[in-house]
Each structure stands twice: as structure tokens, then as C-alpha cells.
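Listing of entry19.cif; format and content: mmCIF, C-alpha atoms.
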data_data
loop_
_atom_site.label_atom_id
_atom_site.label_comp_id
_atom_site.auth_asym_id
_atom_site.auth_seq_id
_atom_site.Cartn_x
_atom_site.Cartn_y
_atom_site.Cartn_z
CA MET A 1 137.81 110.85 269.08
CA TYR A 2 136.89 107.24 268.66
CA PHE A 3 139.12 104.29 269.28
CA HIS A 4 138.60 100.89 267.53
CA CYS A 5 139.04 97.94 269.82
CA PRO A 6 141.10 95.15 268.10
CA CYS A 7 139.03 92.49 269.88
CA VAL A 8 135.95 93.55 267.89
CA LYS A 9 137.76 93.02 264.59
CA ILE A 10 138.94 89.56 265.69
CA GLN A 11 135.40 88.61 266.68
CA ASN A 12 134.06 89.73 263.29
CA VAL A 13 136.70 87.65 261.48
CA LYS A 14 135.84 84.53 263.52
CA THR A 15 132.14 84.97 262.78
CA HIS A 16 132.86 85.36 259.07
CA LEU A 17 134.98 82.20 259.02
CA LYS A 18 132.27 80.18 260.78
CA ILE A 19 129.65 81.33 258.28
CA LYS A 20 131.98 80.50 255.39
CA GLN A 21 132.66 77.01 256.79
CA LYS A 22 128.95 76.35 257.22
CA LEU A 23 128.23 77.51 253.68
CA HIS A 24 131.05 75.29 252.33
CA SER A 25 129.74 72.30 254.28
CA ALA A 26 126.24 72.92 253.00
CA TRP A 27 127.53 73.13 249.44
CA ARG A 28 129.44 69.86 249.77
CA PHE A 29 126.32 68.17 251.14
CA VAL A 30 124.20 69.45 248.27
CA ARG A 31 126.86 68.50 245.70
CA ASN A 32 127.28 64.98 247.07
CA THR A 33 123.52 64.49 247.21
CA VAL A 34 123.14 65.54 243.59
CA LEU A 35 125.99 63.21 242.56
CA VAL A 36 124.45 60.25 244.39
CA ILE A 37 121.05 60.85 242.76
CA ALA A 38 122.62 61.25 239.31
CA LEU A 39 124.71 58.09 239.65
CA SER A 40 121.69 56.14 240.84
CA ILE A 41 119.69 57.20 237.79
CA LEU A 42 122.56 56.37 235.42
CA LEU A 43 123.20 52.97 236.99
CA VAL A 44 119.54 51.98 236.96
CA SER A 45 119.10 53.02 233.34
CA SER A 46 122.23 51.20 232.17
CA THR A 47 121.61 47.94 234.03
CA ILE A 48 120.83 45.01 231.70
CA PRO A 49 117.69 43.20 232.88
CA VAL A 50 118.38 39.71 234.23
CA ALA A 51 117.52 37.16 231.55
CA ASP A 52 114.95 34.51 232.35
CA PHE A 53 116.18 31.03 233.22
CA LYS A 54 115.55 29.56 229.77
CA SER A 55 117.52 32.30 228.07
CA GLN A 56 120.42 31.78 230.46
CA ILE A 57 120.49 28.07 229.62
CA ASN A 58 120.25 28.78 225.89
CA THR A 59 123.20 31.16 226.17
CA LEU A 60 125.29 28.23 227.41
CA THR A 61 124.00 25.71 224.85
CA ARG A 62 123.46 27.76 221.69
CA ARG A 63 126.70 26.76 219.94
CA ILE A 64 126.20 23.03 220.59
CA GLU A 65 122.44 22.65 220.09
CA PHE A 66 121.14 20.16 217.52
CA ASP A 67 119.76 21.63 214.27
CA PHE A 68 116.40 19.88 213.91
CA GLY A 69 115.33 22.03 210.97
CA THR A 70 118.19 21.00 208.70
CA TRP A 71 117.98 17.35 209.79
CA THR A 72 114.24 17.17 209.12
CA LEU A 73 114.49 18.68 205.63
CA GLU A 74 117.29 16.28 204.68
CA ALA A 75 115.41 13.28 206.11
CA ILE A 76 112.16 14.17 204.31
CA PHE A 77 114.04 14.57 201.01
CA ALA A 78 115.70 11.15 201.47
CA LYS A 79 112.36 9.52 202.30
CA LEU A 80 110.65 11.04 199.26
CA LEU A 81 113.36 9.60 197.03
CA SER A 82 113.05 6.17 198.62
CA TRP A 83 109.25 6.29 198.62
CA GLY A 84 109.18 7.23 194.96
CA LEU A 85 111.22 4.18 194.00
CA GLY A 86 109.24 1.75 196.16
CA ILE A 87 111.71 -1.09 195.50
CA GLU A 88 110.70 -2.91 198.71
CA HIS A 89 107.27 -3.72 197.23
CA PHE A 90 108.87 -5.80 194.49
CA LEU A 91 110.91 -7.98 196.86
CA LYS A 92 109.65 -11.31 198.16
CA PRO A 93 109.35 -11.65 201.97
CA GLN A 94 112.40 -13.90 202.09
CA SER A 95 114.48 -11.39 200.14
CA GLN A 96 113.30 -8.57 202.41
CA SER A 97 114.35 -10.51 205.52
CA GLU A 98 117.77 -11.30 204.06
CA LEU A 99 118.35 -7.67 203.11
CA VAL A 100 117.47 -6.41 206.62
CA LEU A 101 119.69 -9.04 208.26
CA ASN A 102 122.57 -8.15 205.93
CA TYR A 103 122.07 -4.50 206.81
CA LEU A 104 122.24 -5.30 210.54
CA SER A 105 125.42 -7.34 209.98
CA GLN A 106 126.92 -4.36 208.21
CA VAL A 107 125.98 -2.11 211.14
CA GLN A 108 127.77 -4.53 213.45
CA ARG A 109 130.88 -4.47 211.26
CA VAL A 110 130.98 -0.66 211.22
CA ASN A 111 130.50 -0.51 214.99
CA THR A 112 133.29 -3.04 215.53
CA LEU A 113 135.70 -1.03 213.36
CA ASN A 114 134.79 2.14 215.25
CA ALA A 115 135.47 0.42 218.57
CA GLU A 116 138.86 -0.87 217.36
CA ILE A 117 139.91 2.61 216.24
CA ILE A 118 138.84 4.17 219.56
CA ASN A 119 140.82 1.51 221.44
CA MET A 120 143.92 2.36 219.41
CA TYR A 121 143.64 6.03 220.34
CA THR A 122 143.22 5.20 224.04
CA ASP A 123 145.98 2.58 224.18
CA PRO A 124 149.06 4.12 225.89
CA ALA A 125 151.30 1.55 224.22
CA ILE A 126 150.53 3.09 220.80
CA SER A 127 152.60 6.24 220.31
CA ASN A 128 151.14 7.35 216.97
CA ALA A 129 147.50 6.26 216.87
CA GLU A 130 146.73 8.25 213.73
CA LEU A 131 149.39 6.44 211.74
CA GLU A 132 148.65 3.02 213.27
CA SER A 133 144.92 3.34 212.62
CA GLN A 134 145.17 4.63 209.05
CA SER A 135 144.41 1.26 207.47
CA LEU A 136 141.46 0.69 209.80
CA ARG A 137 140.07 4.15 209.12
CA GLU A 138 140.24 3.57 205.37
CA THR A 139 138.40 0.28 205.82
CA LEU A 140 135.84 2.02 208.02
CA ASN A 141 135.16 4.65 205.34
CA THR A 142 134.56 1.92 202.76
CA GLU A 143 132.26 -0.06 205.04
CA GLN A 144 130.39 3.08 206.12
CA ASP A 145 129.72 3.97 202.47
CA ARG A 146 128.38 0.46 201.93
CA LEU A 147 126.16 0.79 205.00
CA ASN A 148 124.83 4.14 203.80
CA SER A 149 123.85 2.60 200.48
CA MET A 150 122.02 -0.29 202.22
CA ALA A 151 120.20 1.81 204.83
CA PRO A 152 117.39 3.40 202.74
CA LEU A 153 116.04 0.07 201.46
CA ALA A 154 116.35 -1.64 204.86
CA GLU A 155 114.50 1.26 206.48
CA ALA A 156 111.79 1.16 203.79
CA ILE A 157 111.24 -2.57 204.40
CA LEU A 158 110.91 -2.15 208.17
CA GLN A 159 108.59 0.84 207.69
CA ALA A 160 106.33 -1.19 205.37
CA GLN A 161 106.29 -4.16 207.73
CA LEU A 162 105.29 -1.94 210.66
CA MET A 163 102.44 -0.38 208.65
CA THR A 164 101.20 -3.88 207.80
CA VAL A 165 101.14 -4.83 211.48
CA ILE A 166 99.37 -1.56 212.37
CA ASN A 167 96.64 -2.15 209.78
CA GLU A 168 96.19 -5.74 210.93
CA SER A 169 95.76 -4.40 214.48
CA GLY A 170 92.87 -2.19 213.39
CA LEU A 171 94.66 1.15 213.83
CA GLY A 172 94.59 1.96 210.13
CA PHE A 173 91.88 3.88 208.31
CA LEU A 174 90.48 2.51 205.03
CA GLY A 175 93.53 0.31 204.74
CA GLN A 176 95.96 3.18 205.27
CA THR A 177 98.22 3.94 208.21
CA PHE A 178 98.23 7.53 209.40
CA PRO A 179 100.70 8.97 209.77
CA PRO A 180 102.77 6.66 207.55
CA SER A 181 105.66 5.04 209.38
CA LEU A 182 108.79 6.98 208.43
CA TYR A 183 112.06 6.75 210.30
CA GLN A 184 115.72 7.38 209.62
CA VAL A 185 118.74 5.98 211.41
CA SER A 186 120.87 8.87 212.55
CA ASP A 187 123.35 10.09 215.12
CA VAL A 188 120.73 10.94 217.73
CA PRO A 189 121.13 14.19 219.70
CA GLN A 190 122.16 13.98 223.32
CA SER A 191 119.76 15.41 225.87
CA LEU A 192 120.61 18.02 228.49
CA ILE A 193 118.33 17.50 231.50
CA VAL A 194 118.12 20.39 233.99
CA SER A 195 116.59 19.98 237.43
CA PRO A 196 116.42 22.00 240.67
CA ARG A 197 119.00 20.92 243.24
CA THR A 198 116.36 20.56 245.95
CA GLU A 199 113.98 18.20 244.12
CA ILE A 200 113.84 15.67 241.29
CA ARG A 201 111.94 17.58 238.61
CA GLN A 202 112.81 18.27 234.98
CA VAL A 203 112.59 21.98 234.23
CA MET A 204 114.34 21.93 230.85
CA ASP A 205 115.35 19.42 228.18
CA VAL A 206 117.70 20.70 225.46
CA SER A 207 118.82 18.57 222.50
CA LEU A 208 122.55 18.87 221.90
CA SER A 209 124.78 17.84 219.02
CA PRO A 210 125.59 14.10 219.08
CA SER A 211 129.26 14.94 218.55
CA ILE A 212 129.59 16.98 221.75
CA SER A 213 132.85 16.11 223.53
CA ILE A 214 133.19 14.84 227.08
CA GLU A 215 134.95 18.09 228.02
CA ASP A 216 132.04 20.17 226.68
CA LYS A 217 129.58 18.03 228.63
CA GLU A 218 131.44 18.52 231.89
CA GLN A 219 131.89 22.26 231.35
CA LEU A 220 128.18 22.70 230.59
CA GLU A 221 127.03 20.67 233.60
CA ASN A 222 129.43 22.50 235.93
CA ALA A 223 128.42 25.92 234.59
CA ILE A 224 124.72 25.26 235.22
CA PHE A 225 125.52 23.92 238.69
CA SER A 226 127.74 26.82 239.77
CA ASP A 227 126.20 29.77 237.90
CA LEU A 228 122.50 28.86 237.88
CA ASP A 229 122.30 26.72 241.04
CA HIS A 230 120.66 23.80 239.21
CA SER A 231 121.63 20.19 238.58
CA ALA A 232 122.38 19.19 234.99
CA LEU A 233 123.17 15.95 233.20
CA VAL A 234 123.84 15.20 229.52
CA VAL A 235 122.46 11.76 228.59
CA PRO A 236 122.05 9.73 225.35
CA VAL A 237 118.61 8.84 223.96
CA GLY A 238 117.50 5.98 221.74
CA GLY A 239 115.07 7.81 219.48
CA ILE A 240 113.19 11.07 219.00
CA GLY A 241 109.59 11.47 217.81
CA THR A 242 110.30 13.95 215.03
CA TYR A 243 108.78 13.22 211.63
CA PRO A 244 110.40 11.24 210.15
CA THR A 245 111.36 9.76 213.51
CA MET A 246 115.01 9.70 214.42
CA ILE A 247 116.42 6.32 215.52
CA MET A 248 119.84 5.50 216.91
CA GLN A 249 121.95 3.08 214.87
CA THR A 250 121.96 -0.46 216.26
CA ASP A 251 122.44 -4.05 215.11
CA ASN A 252 119.80 -5.34 217.57
CA LEU A 253 116.71 -6.14 215.50
CA VAL A 254 114.36 -6.53 218.47
CA TRP A 255 115.38 -3.20 219.99
CA LEU A 256 115.25 -1.47 216.60
CA THR A 257 111.71 -2.62 215.75
CA GLU A 258 110.46 -1.74 219.25
CA VAL A 259 111.83 1.79 219.04
CA ILE A 260 110.46 2.31 215.50
CA ALA A 261 106.99 1.30 216.74
CA HIS A 262 107.35 3.35 219.94
CA GLU A 263 108.23 6.53 218.08
CA TRP A 264 105.41 5.97 215.58
CA VAL A 265 102.96 5.83 218.49
CA HIS A 266 104.15 9.30 219.56
CA ASN A 267 103.39 10.65 216.09
CA PHE A 268 100.04 8.82 215.96
CA LEU A 269 98.93 10.28 219.30
CA SER A 270 100.08 13.77 218.31
CA ALA A 271 98.12 13.57 215.05
CA SER A 272 95.04 12.23 216.88
CA ILE A 273 95.11 15.08 219.42
CA ARG A 274 95.38 17.71 216.67
CA HIS A 275 92.36 16.25 214.88
#
Please go through the file and, once you have read it, give me the structure as C-alpha cells.
Amino acid sequence: MYFHCPCVKIQNVKTHLKIKQKLHSAWRFVRNTVLVIALSILLVSSTIPVADFKSQINTLTRRIEFDFGTWTLEAIFAKLLSWGLGIEHFLKPQSQSELVLNYLSQVQRVNTLNAEIINMYTDPAISNAELESQSLRETLNTEQDRLNSMAPLAEAILQAQLMTVINESGLGFLGQTFPPSLYQVSDVPQSLIVSPRTEIRQVMDVSLSPSISIEDKEQLENAIFSDLDHSALVVPVGGIGTYPTMIMQTDNLVWLTEVIAHEWVHNFLSASIRH
């Protein structure tokens, strides 16, 4: 007769439990390892590559960038119309001078009206600036229309006078100036200058809409500073060497003629390098 010792059964149960616990631990380790590997693969494959610096800047400026394409097409069309008429060639020098001076006086009048309207909107003593400035704004619209009608001929006269000076200086070819002096007074884009914080060096220059608000300027500069760790400043410019060249509106004849000539030199050098 055989007798079963209860201590043997207990020992077998303990051994079984230990093996089961080890197998469960091993399974959890394998499962967790597989999950970690799978998540790593998924995360790597779904990560969007970091955009280059230029693309990051363009993301911030896209909605407020200046449209050079549209401006250039409109300016070329206006110049072709003016060039086709050629009225400036039929005016005596004295008449040309008077017309340009009258144009500059009109620019001054428009600028003065603009300044008066801005002052009304910033004056705390005026409770309803829109109502108070209505008469001035109507006058401004009338004077601006008059200025717009005077501008093409005044620009044509100054363009022709510059080409005469260029030919007399020996920069022309067979009596012709190349490229012809063409400019248009316009609301010039503002320039976003981006520089590293550790050195004075321009890394990007983006042309922005001339109508950008002060709030938009500050938000853009702060975003580049905080998000991209670069310094940024939005500044006005006097002219841009597009073709036709783009010149800021002014009633200062000396400054205007200097900028027209300066921007023409940019175009002349660019054309010389290409050829």
C-alpha cells in the first residue's frame, strides 16, 4: 500500500506557480517590446520633416507678401499707354518744368490731407473721427484722382530728362539708353529684414504689403524672435529696382530724381551682367 505525502503535492503546486509567473513575465516583456518597436516605427513614419528656415519664414509672411507679378504687369501696361502717346515730346522745356512742379505741389497737397485725416483719428478730443473727417476724405478722393491723372505725364517727362542726361554722359548706345528709364510712383512694399541674434548679418529680405498694420508688424517680428530665434525688423524703403522701377511718392524733387537715377543704375548693371 502506498501513501501520498501532502507535502509533495504542495511542492508541485509551488513549482507550477513559479513557472507560470515566469512565463507571464516573459510574455509581458515580449509584448511591451513589440509595442515599443511598433510605436517607434509609426511615430517616425508619421513625423512631418522640419521645414527649412526660408519655408518657416514664408509660412509667417505668405498672407502679407507683396504681389510683384500683378504690380509689374499693371505698371508695364500703364507705361505702354503713356509711351504710345508720347505727349511729353511735344511740350516745350518750360512747359515740362511747370507740369512737373505742379505735379509735386499736388503730391504735397494729397500728403497734407492724409496727415490731417490721420491726426483726426488719433486725436482723443474727437469722439467720432469718421464723421468729423468725412469732408476731408471727400476732398482727398478728389485731389487723389487729380494727382493720378497728372502722374503719367510727369513721370514720362522725368524719364525722358534722365535718358537725355545718360546719353550726354556717354552711357547710351547709338543715341539710345538701354534699358530705357521707366519708373512708376507707387506705394512701395515694406521690407522684412531677418538676422541671426548673435551677429549683424542679413539672412532674408521679404517684401511685404505696404498696407501692413503696426499690429501685424509687431506680431511678425515677435514670432520670428520667439519661434525661430532670429531678430527681425520691418522697415520702409524708398525704391525698388524692378522694371519699371518702383518709386515712393514724394514732393521732394531732388530726392525723387536721385532715386529714379539710382534705380535705373541697378537695371543698367543687371542688363550689362546678363550680356
Residues within 12 Å of (111.9, 15.7, 228.1), file coordinates, counting all atoms listed in the file: what are they? Give the list as number ranges by chain. A: 190-195, 201-207, 235, 237, 240-241
For the file shown, report as a ChimeraX atom specification the outcome of the PyMOL selection byres ((chain A and resi 253) around 12) at residue level. /A:97,100-105,107-108,154-155,158,249-252,254-260
Using only C-alpha atoms, the residue out of A:Ser186, A:Phe268, A:Glu199, A:Phe225 with shortest distance to Met248 (chain A) is A:Ser186
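When CA of Glu221 (chain A) is paired with CA of Pro189 (chain A), their separation reads 16.4 Å.
Among the candidates A:Gln56, A:Thr245, A:Thr139, A:Asn111, the residue lying nearest to Val265 (chain A) is A:Thr245 (atoms considered: all atoms listed in the file).
Counting all atoms listed in the file, the residue from A:Asn267, A:Thr70, A:Ser127, A:Ser181 that sits nearest to Ile157 (chain A) is A:Ser181.
The space between CA of Ser133 (chain A) and CA of Ile117 (chain A) spans 6.2 Å.
CA of Leu99 (chain A) sits 19.9 Å away from CA of Ala261 (chain A).
The environment of Ile212 (chain A) within 12 Å, counting only C-alpha atoms and disregarding residues fewer than 6 places along the same chain, consists of Thr61, Arg63, Ile64, Glu65, Phe66, Asp187, Val188, Pro189, Gln190, Ser191, Leu192, Glu218, Gln219, Leu220, Val234, Val235 and Pro236 of chain A.
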